[in-house]
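Colleague: File model_18.cif follows (mmCIF, C-alpha atoms):
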data_entry
#
loop_
_atom_site.label_atom_id
_atom_site.label_comp_id
_atom_site.auth_asym_id
_atom_site.auth_seq_id
_atom_site.Cartn_x
_atom_site.Cartn_y
_atom_site.Cartn_z
CA MET A 11 226.86 153.69 80.66
CA PRO A 12 229.22 153.15 77.69
CA ALA A 13 232.95 152.75 78.11
CA LEU A 14 235.99 152.50 75.88
CA ILE A 15 237.65 149.16 76.53
CA THR A 16 240.60 147.26 75.13
CA PRO A 17 239.52 144.69 72.53
CA SER A 18 238.77 141.47 74.38
CA PRO A 19 237.87 137.89 73.45
CA HIS A 20 235.10 137.90 76.07
CA LEU A 21 232.90 139.99 73.73
CA HIS A 22 233.13 137.47 70.89
CA ALA A 23 229.40 136.63 70.73
CA SER A 24 228.34 140.27 70.96
CA TRP A 25 230.89 141.29 68.32
CA LEU A 26 229.53 138.62 65.96
CA ASP A 27 225.99 139.93 66.56
CA ALA A 28 227.18 143.42 65.63
CA GLN A 29 228.92 142.13 62.51
CA ALA A 30 225.66 140.46 61.47
CA GLU A 31 223.86 143.80 61.80
CA TRP A 32 226.34 145.40 59.39
CA GLY A 33 226.48 142.42 57.06
CA ALA A 34 229.39 140.02 56.71
CA ASP A 35 231.10 141.98 53.92
CA ALA A 36 230.66 145.47 55.39
CA HIS A 37 233.73 147.48 56.36
CA MET A 38 233.71 148.51 60.02
CA ASP A 39 235.84 151.64 60.32
CA GLY A 40 238.16 151.69 63.30
CA ALA A 41 237.91 147.95 63.90
CA GLY A 42 241.30 146.95 62.45
CA LEU A 43 239.80 143.88 60.83
CA GLY A 44 241.89 142.46 58.00
CA ALA A 45 240.77 140.14 55.24
CA ASP A 46 242.85 137.30 56.72
CA ASP A 47 241.57 137.67 60.31
CA ASP A 48 239.56 134.71 61.58
CA VAL A 49 236.82 136.14 63.78
CA GLU A 50 234.47 133.16 63.60
CA THR A 51 236.34 130.77 65.90
CA PRO A 52 237.12 131.64 69.53
CA GLU A 53 240.82 130.98 68.89
CA GLY A 54 240.93 133.17 65.80
CA PHE A 55 239.01 135.93 67.53
CA ALA A 56 241.42 135.83 70.49
CA ALA A 57 244.39 136.03 68.11
CA TRP A 58 242.83 139.02 66.33
CA THR A 59 242.16 140.92 69.56
CA GLU A 60 245.74 140.21 70.68
CA ARG A 61 247.06 141.63 67.38
CA LEU A 62 244.99 144.76 67.95
CA ARG A 63 246.43 145.19 71.44
CA ARG A 64 250.03 144.65 70.21
CA GLN A 65 249.66 147.24 67.48
CA ALA A 66 249.76 150.03 70.11
CA ASP A 67 253.26 148.95 71.24
CA ARG A 68 255.57 151.37 69.45
CA THR A 69 258.61 149.24 70.30
CA ALA A 70 257.25 146.32 68.27
CA PRO A 71 257.19 146.18 64.46
CA VAL A 72 253.84 146.32 62.66
CA GLU A 73 252.69 144.42 59.60
CA GLN A 74 253.42 145.78 56.12
CA GLY A 75 251.05 148.63 55.26
CA ARG A 76 249.96 149.19 58.88
CA VAL A 77 251.01 151.81 61.41
CA HIS A 78 251.07 151.73 65.19
CA ALA A 79 247.55 152.30 66.44
CA THR A 80 245.52 152.02 69.61
CA TYR A 81 242.15 150.29 69.34
CA TRP A 82 239.20 150.62 71.67
CA TRP A 83 235.80 149.06 71.63
CA ILE A 84 232.74 151.00 72.64
CA ALA A 85 230.95 148.68 75.05
CA GLU A 86 228.15 148.73 77.54
CA GLY A 87 228.55 145.87 79.98
CA ASP A 88 229.04 142.78 77.82
CA THR A 89 227.58 144.39 74.71
CA TYR A 90 229.82 145.50 71.85
CA LEU A 91 228.51 148.80 70.45
CA GLY A 92 231.31 149.83 68.10
CA ALA A 93 235.00 150.55 67.64
CA ILE A 94 237.36 153.49 67.39
CA ASP A 95 241.07 153.59 66.69
CA LEU A 96 243.83 156.17 66.88
CA ARG A 97 246.63 155.74 64.36
CA HIS A 98 249.78 157.16 65.92
CA TYR A 99 251.12 158.54 62.62
CA LEU A 100 250.13 158.54 58.96
CA ASN A 101 251.51 156.64 56.00
CA ALA A 102 250.74 157.81 52.45
CA PHE A 103 247.43 155.92 52.28
CA LEU A 104 246.19 157.24 55.64
CA LEU A 105 247.20 160.80 54.75
CA ASP A 106 245.21 160.58 51.54
CA ALA A 107 242.18 158.54 52.56
CA GLY A 108 242.10 157.07 56.06
CA GLY A 109 243.22 159.65 58.60
CA HIS A 110 244.34 159.27 62.21
CA ILE A 111 241.00 158.15 63.63
CA GLY A 112 238.40 155.73 62.36
CA TYR A 113 235.18 154.76 64.11
CA SER A 114 231.95 152.90 63.61
CA VAL A 115 228.86 152.19 65.69
CA ARG A 116 226.71 149.13 65.16
CA PRO A 117 223.39 150.00 63.49
CA SER A 118 221.21 149.19 66.53
CA ALA A 119 223.25 151.55 68.76
CA ARG A 120 223.27 154.59 66.47
CA ARG A 121 221.64 157.96 67.21
CA ARG A 122 222.74 157.84 70.86
CA GLY A 123 225.77 160.15 70.52
CA LEU A 124 228.23 157.28 70.96
CA ALA A 125 230.48 158.25 68.04
CA GLY A 126 230.81 161.85 69.25
CA TRP A 127 231.46 160.75 72.82
CA ALA A 128 234.09 158.19 71.75
CA LEU A 129 235.73 160.71 69.43
CA GLY A 130 236.04 163.21 72.27
CA GLU A 131 237.70 160.57 74.46
CA VAL A 132 240.16 159.61 71.72
CA LEU A 133 241.03 163.24 70.96
CA HIS A 134 242.18 163.43 74.59
CA GLU A 135 244.34 160.34 74.01
CA ALA A 136 245.83 161.95 70.88
CA ARG A 137 246.86 164.97 72.97
CA LEU A 138 248.52 162.61 75.47
CA LEU A 139 250.53 161.10 72.60
CA GLY A 140 251.77 164.60 71.74
CA MET A 141 249.75 165.11 68.58
CA ASP A 142 248.85 168.69 67.75
CA ARG A 143 246.22 167.86 65.10
CA VAL A 144 244.50 164.81 63.66
CA LEU A 145 243.00 163.96 60.29
CA LEU A 146 239.59 162.32 59.97
CA THR A 147 237.87 161.29 56.76
CA CYS A 148 234.40 160.20 55.80
CA ASP A 149 232.46 159.41 52.67
CA PRO A 150 230.60 162.29 51.04
CA GLY A 151 226.94 161.91 51.95
CA ASN A 152 227.65 160.34 55.35
CA GLU A 153 225.89 163.18 57.11
CA ALA A 154 226.05 161.58 60.57
CA SER A 155 229.84 161.29 60.37
CA GLU A 156 230.18 164.78 58.90
CA ARG A 157 228.20 166.21 61.85
CA THR A 158 230.18 164.16 64.39
CA ILE A 159 233.51 165.38 63.02
CA GLU A 160 232.37 169.00 62.68
CA ARG A 161 230.97 169.06 66.24
CA ALA A 162 234.39 167.89 67.46
CA GLY A 163 236.03 170.87 65.75
CA GLY A 164 236.78 169.33 62.35
CA VAL A 165 237.61 171.80 59.60
CA LEU A 166 237.07 170.55 56.05
CA GLU A 167 240.30 170.67 54.05
CA ASP A 168 239.00 169.14 50.84
CA VAL A 169 236.99 166.43 49.15
CA ARG A 170 239.14 164.23 46.96
CA GLU A 171 239.17 161.04 44.98
CA THR A 172 241.26 158.37 46.74
CA LEU A 173 242.16 154.73 46.16
CA ILE A 174 238.99 153.78 48.07
CA GLY A 175 236.68 156.35 46.53
CA PRO A 176 235.83 159.98 47.30
CA LYS A 177 236.61 161.21 50.82
CA ARG A 178 235.87 164.36 52.81
CA ARG A 179 239.07 165.23 54.75
CA TYR A 180 238.86 167.12 58.05
CA TRP A 181 241.59 168.34 60.42
CA ILE A 182 240.96 168.82 64.14
CA GLY A 183 243.46 170.97 66.01
CA LEU A 184 244.35 169.75 69.47
#
Once you've parsed the file, please lay out its structure as structure tokens.
Modeller:
Amino acid sequence: MPALITPSPHLHASWLDAQAEWGADAHMDGAGLGADDDVETPEGFAAWTERLRRQADRTAPVEQGRVHATYWWIAEGDTYLGAIDLRHYLNAFLLDAGGHIGYSVRPSARRRGLAGWALGEVLHEARLLGMDRVLLTCDPGNEASERTIERAGGVLEDVRETLIGPKRRYWIGL
């Protein structure tokens, strides 16, 4: 049975296996992985997971260009299946291209409904934070993500060119 868990160093090996499935240079939406994060060494991985946990603390400052966000990993036992994050508010970039919620599921765990399940759980968390609607985006042609967002109540606002390419922008009322 899958669960949403706080990012943890104990899933290092499984996380690396998942990264290998995507490819080393692939972007994993919702993971919070920065270009400078060391995920190869146990020490670097532990530091990265600690940064992810701290980012939810709204009393602490966040790095330039980031916003407060809560990160969860989709896990089954000791197996990392994916990630989802809830950005507590939007900066200009997130309003244009990134949205409040990002998620990804490792290739070998897809087609099990994990993204839709995790999204439903995080929409509940957004309500608890007092949000009344959230923005989600996906690439045009990402039919799996389009279906996931639409099943969760997403209403397409527009498709626009952004700094990171074209994006479909959906709002979900809470």
Colleague: Between A:Gly54, A:Gly164, A:Pro12, A:Gly109, which is the closest to A:Arg122 once you count all atoms listed in the file?
Modeller: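 Going through A:Gly54, A:Gly164, A:Pro12, A:Gly109 one by one, the smallest distance to A:Arg122 is for A:Pro12.
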Colleague: To one decimal place, how far is atom CA of A:Ala28 from atom CA of A:Pro52 in Å?
Modeller: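 Between these atoms lies a distance of 15.9 Å.
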Colleague: Rounded to one decimal, what separation in Å do you get between atom CA of A:Gly112 and atom CA of A:Ala93?
Modeller: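 Interatomic distance, atom CA of A:Gly112 to atom CA of A:Ala93: 8.1 Å.
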Colleague: Of the residues A:Trp58, A:Pro176, A:Leu14, A:Ala154, which is the one nearest to A:Arg121, using all atoms listed in the file?
Modeller: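 Nearest candidate to A:Arg121 out of A:Trp58, A:Pro176, A:Leu14, A:Ala154: A:Ala154.
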Colleague: On this structure, which residues satisfy the PyMOL selection byres ((chain A and resi 63) around 8), written as a list of chain:residue names?
Modeller: A:Thr16, A:Pro17, A:Thr59, A:Glu60, A:Arg61, A:Leu62, A:Arg64, A:Gln65, A:Ala66, A:Asp67, A:Thr80, A:Tyr81
Colleague: Find the residue from A:Ala162, A:Ala128, A:Leu146, A:Ala136 that sits nearest to A:His110; use only C-alpha atoms when measuring.
Modeller: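 Ranked by minimum distance to A:His110, first place goes to A:Leu146.
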Colleague: Check which residues satisfy the PyMOL selection byres ((chain A and resi 135) around 12) in the file shown, then give them as a ChimeraX atom specification.
Modeller: /A:14,79-82,94-98,110-111,128-134,136-144,184
Colleague: Could you please determine the separation between atom CA of A:Ile174 and atom CA of A:Val77 in Å, to one decimal place?
Modeller: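 Calculated distance between atom CA of A:Ile174 and atom CA of A:Val77 is 18.1 Å.
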Colleague: Restricting the calculation to only C-alpha atoms: of A:Arg178, A:His78, A:His22, A:Arg120, which residue gets closest to A:Gly108?
Modeller: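 Of the candidates, the smallest distance to A:Gly108 is held by A:Arg178.
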Colleague: Please identify all polymer residues within 7 Å of A:Tyr90, counting only C-alpha atoms, omitting same-chain residues fewer than 3 positions from it, and present them as a VMD selection string.
Modeller: chain A and resid 21 24 to 25 83 to 86
